[in-house]
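In what follows, a single structure is set out as structure tokens and then discussed.
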Amino acid sequence: MNICTKCGATPVIISRKASGQMLCKECFIQSITDKVMKGIRRNKLIEKGDKVAVALSGGKDSVIVLDILNSLYKRNVIDLIAIIIDEGIEGYREHGIQIAVKNAQRMGIKHRVASIKDYFGKTLDEIMADDRREHGACTYCGVFRRWIINKIAREEGATKIATGHNLDDETQAILMNYLEGNIDNLTRIGAKSEPKSDKFTVKIKPLREIPEKEVGLYAVASELDVHFDECPYSQESFRGEVGRFIKELSVNHPTIMYSTLKGFDKIKPALKKEFAEKKVGIGTCIKCGEPASHEMCRACLFSKKIHQKE
Ligand code: SF4
Ligand code: ZN
């Protein structure tokens with residue numbers, strides 16, 4: 001029978017192919033918490049006194065971010081707030097919101113729920129129902145969600161926005177932007193954002209080095225109430241295709257996601273030096289007053305287009 005390589009206990013709940021480590025439930029939970037905290041310190045993601053706004057969907061990733069940061073909140077190291085976005089995806093989002101609210105309430109953390117429809121007049125489903133639309137669901141969703149979260153975070157005086165991006169998400173973003181030749185986007189991938197305007201709150205990714213399946217296992221092992229359903233639009237995207245490709249490769253090459261991330265972090269300073277300085281300056285959107293690199297921000301531009309066609 002396998003025993004935990006850390007404490008000798010049984011049963012073992014994970015056997016890590018990449019490192020050969022086998023861990024029992026307690027040692028596994030501890031190993032994730034330690035790794036996240038180490039990443040937070042190494043990348044200076046959080047400082048004492050920060051007010052962190054967690055973008056909470058109710059899915060495993062963001063609930064775990066809230067759960068781990070809650071330990072810092074309980075020790076009065078940071079203040080915490082949860083921002084929950086209702087994109088308007090029928091049959092999927094309602095359940096996620098319920099779980100998100102329940103988790104925030106259980107931890108005694110203030111939360112705010114805001115919908116894309118309230119701010120931009122249509123749900124994501126309504127936007128997608130129009131076949132003259134110009135983009136895929138994730139593009140509208142991402143642009144509107146980021147706009148709302150940034151606005152609420154600023155209203156709440158948050159100094160950081162924490163998102164649930166895990167190792168799989170980050171590796172997908174690296175490969176996807178590379179395959180699309182999107183070098184400018186590549187220069188912005190990292191554990192902590194470097195905003196071009198002080199109207200943008202710094203974004204941090206505490207789970208960046210944790211593989212998705214370990215995030216799922218952590219949720220189960222810690223008995224957290226999370227939403228495991230997948231968004232109905234997720235498979236449509238190019239990101240979904242890239243994700244499936246990386247997962248297939250990982251079967252025979254279990255360290256491939258770590259090496260992609262580590263390799264990328266090494267070349268990023270050179271990429272930034274070569275490409276990031278050529279960026280245009282950041283101004284203010286003439287419609288909403290949020291930061292924009294053109295006359296109008298992307299959210300207002302999208303909003304104008306989805307209503308223009310009526
Ligand atoms: Fe939005 Fe796409 Fe994520 Fe669904 S998969 S919640 S549409 S970004
Ligand atoms: Zn705008």
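In the structure tokens, the first chain shown is A, the next is B, and so on; residue numbers restart at 1 for each chain, and ligands run from 1 in the order shown.
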
Write out as a Markdown table the residues of chain A that have any atom within 6 Å of an atom of ligand 1, one row each with the nearest atom pair and its distance in Å to one decimal, counting only C-alpha atoms and all ligand atoms, sorted by chain and then rising number.
| residue | atom | partner | partner_atom_place_in_ligand_line | distance |
| --- | --- | --- | --- | --- |
| A:Ala137 | CA | ligand 1 | 7 (S) | 4.7 |
| A:Cys138 | CA | ligand 1 | 2 (Fe) | 3.5 |
| A:Cys141 | CA | ligand 1 | 1 (Fe) | 4.6 |
| A:Gly142 | CA | ligand 1 | 8 (S) | 5.3 |
| A:Cys231 | CA | ligand 1 | 4 (Fe) | 4.6 |
| A:Tyr233 | CA | ligand 1 | 4 (Fe) | 5.0 |
| A:Ser234 | CA | ligand 1 | 5 (S) | 3.7 |

Close residues, A:Ala55 itself excluded, 7 Å, only C-alpha atoms, min 5 positions apart in chain, as a list in words: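 Once the nearby chain positions are removed, what remains is Ser62, Ala82, Ile83, Ile84, Ile161, Ala162 and Thr163 of chain A.
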
Distance criterion (only C-alpha atoms and all ligand atoms): nearest to ligand 2 out of A:Lys151, A:Lys247, A:Lys102, A:His227: A:Lys151

Contacts to ligand 2 at 7 Å cut-off (only C-alpha atoms and all ligand atoms) as a CSV table (one decimal) with N, CA, C and O atoms, in the first residue's frame:
chain,number,residue,atom,x,y,z
A,285,CYS,N,-11.7,57.1,-21.4
A,285,CYS,CA,-12.9,56.9,-22.3
A,285,CYS,C,-13.8,58.0,-22.3
A,285,CYS,O,-14.2,58.5,-21.2
A,286,ILE,N,-14.2,58.5,-23.5
A,286,ILE,CA,-15.1,59.7,-23.5
A,286,ILE,C,-16.5,59.4,-23.0
A,286,ILE,O,-17.3,60.3,-22.6
A,287,LYS,N,-16.9,58.1,-23.0
A,287,LYS,CA,-18.2,57.7,-22.6
A,287,LYS,C,-18.3,57.4,-21.1
A,287,LYS,O,-19.2,57.9,-20.4
A,288,CYS,N,-17.4,56.6,-20.6
A,288,CYS,CA,-17.5,56.1,-19.2
A,288,CYS,C,-16.5,56.7,-18.2
A,288,CYS,O,-16.6,56.5,-17.0
A,289,GLY,N,-15.4,57.2,-18.8
A,289,GLY,CA,-14.4,57.8,-17.9
A,289,GLY,C,-13.4,56.8,-17.4
A,289,GLY,O,-12.5,57.1,-16.6
A,290,GLU,N,-13.5,55.5,-17.8
A,290,GLU,CA,-12.6,54.5,-17.4
A,290,GLU,C,-11.3,54.6,-18.3
A,290,GLU,O,-11.4,55.3,-19.4
A,296,MET,N,-12.6,55.7,-27.1
A,296,MET,CA,-13.6,54.9,-26.2
A,296,MET,C,-12.9,53.6,-25.7
A,296,MET,O,-12.1,53.0,-26.5
A,297,CYS,N,-13.3,53.2,-24.5
A,297,CYS,CA,-12.7,51.9,-24.0
A,297,CYS,C,-13.4,50.8,-24.8
A,297,CYS,O,-14.5,51.0,-25.4
A,298,ARG,N,-12.8,49.6,-24.7
A,298,ARG,CA,-13.4,48.4,-25.4
A,298,ARG,C,-14.8,48.1,-25.0
A,298,ARG,O,-15.6,47.7,-25.8
A,299,ALA,N,-15.1,48.2,-23.7
A,299,ALA,CA,-16.4,47.9,-23.2
A,299,ALA,C,-17.4,48.8,-23.8
A,299,ALA,O,-18.5,48.3,-24.2
A,300,CYS,N,-17.2,50.1,-23.8
A,300,CYS,CA,-18.1,51.0,-24.4
A,300,CYS,C,-18.3,50.8,-25.9
A,300,CYS,O,-19.4,51.0,-26.4

List as a Markdown table every residue of stretch 46-152 of chain A that is in contact with stretch 157-160 of chain A, defined as an atom at most 7 Å from one of its atoms (using only C-alpha atoms), together with the nearest atom pair and the distance in Å rounded to one decimal, sorted by chain and then rising number.
| residue | atom | partner | partner_atom | distance |
| --- | --- | --- | --- | --- |
| A:Asp50 | CA | A:Thr159 | CA | 5.8 |
| A:Lys51 | CA | A:Ala158 | CA | 4.8 |
| A:Val52 | CA | A:Lys160 | CA | 4.8 |
| A:Ala53 | CA | A:Ala158 | CA | 5.9 |

Residue neighbourhood A:Pro11, 9 Å, only C-alpha atoms, exclusion window fewer than 2 positions, as number ranges by chain: A: 1-4, 9, 13, 23-25

Residue among A:Ile32, A:Met37, A:Ile81, A:Leu72 lying closest to A:Val54, counting only C-alpha atoms: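 Ranking A:Ile32, A:Met37, A:Ile81, A:Leu72 by distance to A:Val54, first place goes to A:Ile81.
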
Gap from atom CA of A:Val63 to atom CA of A:Lys213 - Å, one decimal: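 Calculated distance between atom CA of A:Val63 and atom CA of A:Lys213 is 14.6 Å.
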
Residues of stretch 101-187 of chain A in helix (DSSP H, G or I), written as JSON, numbers by chain: {"A": [101, 102, 103, 104, 105, 106, 107, 116, 117, 118, 119, 120, 124, 125, 126, 127, 128, 129, 137, 138, 139, 140, 141, 142, 143, 144, 145, 146, 147, 148, 149, 150, 151, 152, 153, 154, 155, 167, 168, 169, 170, 171, 172, 173, 174, 175, 176, 177, 178, 179, 183, 184, 185, 186]}

Distance query A:Ser57 at most 12 Å, only C-alpha atoms, self and fewer than 5 positions along chain excluded, as an MDAnalysis selection string: chainID A and resid 62:66 82:87 92:104 111:114 145 149 162:165 226:231

Restricting it to C-alpha atoms, dump the selection as a PDB file, in the first residue's frame.
ATOM      1  CA  SER A  62     -11.927  31.480  -7.074  1.00  0.00           C
ATOM      2  CA  VAL A  63     -13.439  29.792  -3.982  1.00  0.00           C
ATOM      3  CA  ILE A  64      -9.985  28.415  -3.143  1.00  0.00           C
ATOM      4  CA  VAL A  65      -8.388  31.834  -3.596  1.00  0.00           C
ATOM      5  CA  LEU A  66     -10.968  33.193  -1.140  1.00  0.00           C
ATOM      6  CA  ALA A  82     -15.688  39.367  -2.990  1.00  0.00           C
ATOM      7  CA  ILE A  83     -16.986  40.660  -6.339  1.00  0.00           C
ATOM      8  CA  ILE A  84     -19.441  38.304  -8.023  1.00  0.00           C
ATOM      9  CA  ILE A  85     -20.368  38.877 -11.669  1.00  0.00           C
ATOM     10  CA  ASP A  86     -23.585  37.628 -13.224  1.00  0.00           C
ATOM     11  CA  GLU A  87     -22.768  37.323 -16.916  1.00  0.00           C
ATOM     12  CA  TYR A  92     -25.169  27.836 -15.512  1.00  0.00           C
ATOM     13  CA  ARG A  93     -24.488  31.087 -13.757  1.00  0.00           C
ATOM     14  CA  GLU A  94     -27.396  31.132 -11.254  1.00  0.00           C
ATOM     15  CA  HIS A  95     -26.003  28.135  -9.388  1.00  0.00           C
ATOM     16  CA  GLY A  96     -22.471  29.544  -9.378  1.00  0.00           C
ATOM     17  CA  ILE A  97     -23.710  32.828  -7.893  1.00  0.00           C
ATOM     18  CA  GLN A  98     -25.591  31.027  -5.110  1.00  0.00           C
ATOM     19  CA  ILE A  99     -22.465  29.087  -4.185  1.00  0.00           C
ATOM     20  CA  ALA A 100     -20.273  32.176  -4.395  1.00  0.00           C
ATOM     21  CA  VAL A 101     -22.591  34.132  -2.069  1.00  0.00           C
ATOM     22  CA  LYS A 102     -22.798  31.195   0.356  1.00  0.00           C
ATOM     23  CA  ASN A 103     -19.011  30.941   0.569  1.00  0.00           C
ATOM     24  CA  ALA A 104     -18.540  34.674   1.144  1.00  0.00           C
ATOM     25  CA  HIS A 111     -19.604  40.641  -1.222  1.00  0.00           C
ATOM     26  CA  ARG A 112     -21.154  42.524  -4.127  1.00  0.00           C
ATOM     27  CA  VAL A 113     -23.071  40.966  -7.017  1.00  0.00           C
ATOM     28  CA  ALA A 114     -23.184  42.880 -10.307  1.00  0.00           C
ATOM     29  CA  ARG A 145     -16.432  41.416 -16.659  1.00  0.00           C
ATOM     30  CA  ILE A 149     -14.672  44.282 -11.588  1.00  0.00           C
ATOM     31  CA  ALA A 162      -7.214  38.472  -7.027  1.00  0.00           C
ATOM     32  CA  THR A 163      -8.349  36.071  -9.738  1.00  0.00           C
ATOM     33  CA  GLY A 164      -8.483  32.272  -9.767  1.00  0.00           C
ATOM     34  CA  HIS A 165      -6.180  31.658 -12.760  1.00  0.00           C
ATOM     35  CA  VAL A 226     -17.876  24.789  -5.139  1.00  0.00           C
ATOM     36  CA  HIS A 227     -19.531  24.856  -8.537  1.00  0.00           C
ATOM     37  CA  PHE A 228     -17.957  22.224 -10.802  1.00  0.00           C
ATOM     38  CA  ASP A 229     -20.081  22.807 -13.928  1.00  0.00           C
ATOM     39  CA  GLU A 230     -18.423  24.075 -17.043  1.00  0.00           C
ATOM     40  CA  CYS A 231     -19.605  27.208 -18.821  1.00  0.00           C
TER      41      CYS A 231
END

Sort by chain and increasing residue number a table of all residues of stretch 187-222 of chain A within 9 Å of stretch 267-270 of chain A, each with its closest pair of atoms and their distance in Å to one decimal, counting only C-alpha atoms, and write it as JSON lines.
{"residue": "A:Thr187", "atom": "CA", "partner": "A:Lys268", "partner_atom": "CA", "distance": 6.4}
{"residue": "A:Arg188", "atom": "CA", "partner": "A:Lys268", "partner_atom": "CA", "distance": 8.9}
{"residue": "A:Ile189", "atom": "CA", "partner": "A:Lys268", "partner_atom": "CA", "distance": 8.5}
{"residue": "A:Gly190", "atom": "CA", "partner": "A:Lys268", "partner_atom": "CA", "distance": 8.7}

Go ahead and dump the residues you just picked, C-alpha atoms, as a JSON list (two decimals), in the first residue's frame.
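Okay, this is what ended up in selection.json:
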[["chain", "number", "residue", "atom", "x", "y", "z"],
["A", 187, "THR", "CA", 4.18, 40.85, -22.33],
["A", 188, "ARG", "CA", 1.25, 41.31, -19.93],
["A", 189, "ILE", "CA", 1.04, 37.71, -18.68],
["A", 190, "GLY", "CA", 2.36, 37.24, -15.17]]

Nearest-residue call for A:Gln172, choices A:Gly216, A:Gly88, A:Pro291, A:Pro211, using only C-alpha atoms: A:Pro211

All strand (DSSP E) positions in stretch 10-259 of chain A, as a PyMOL selection string: chain A and resi 12-15+22-24+51-55+79-86+110-115+160-162+202-204
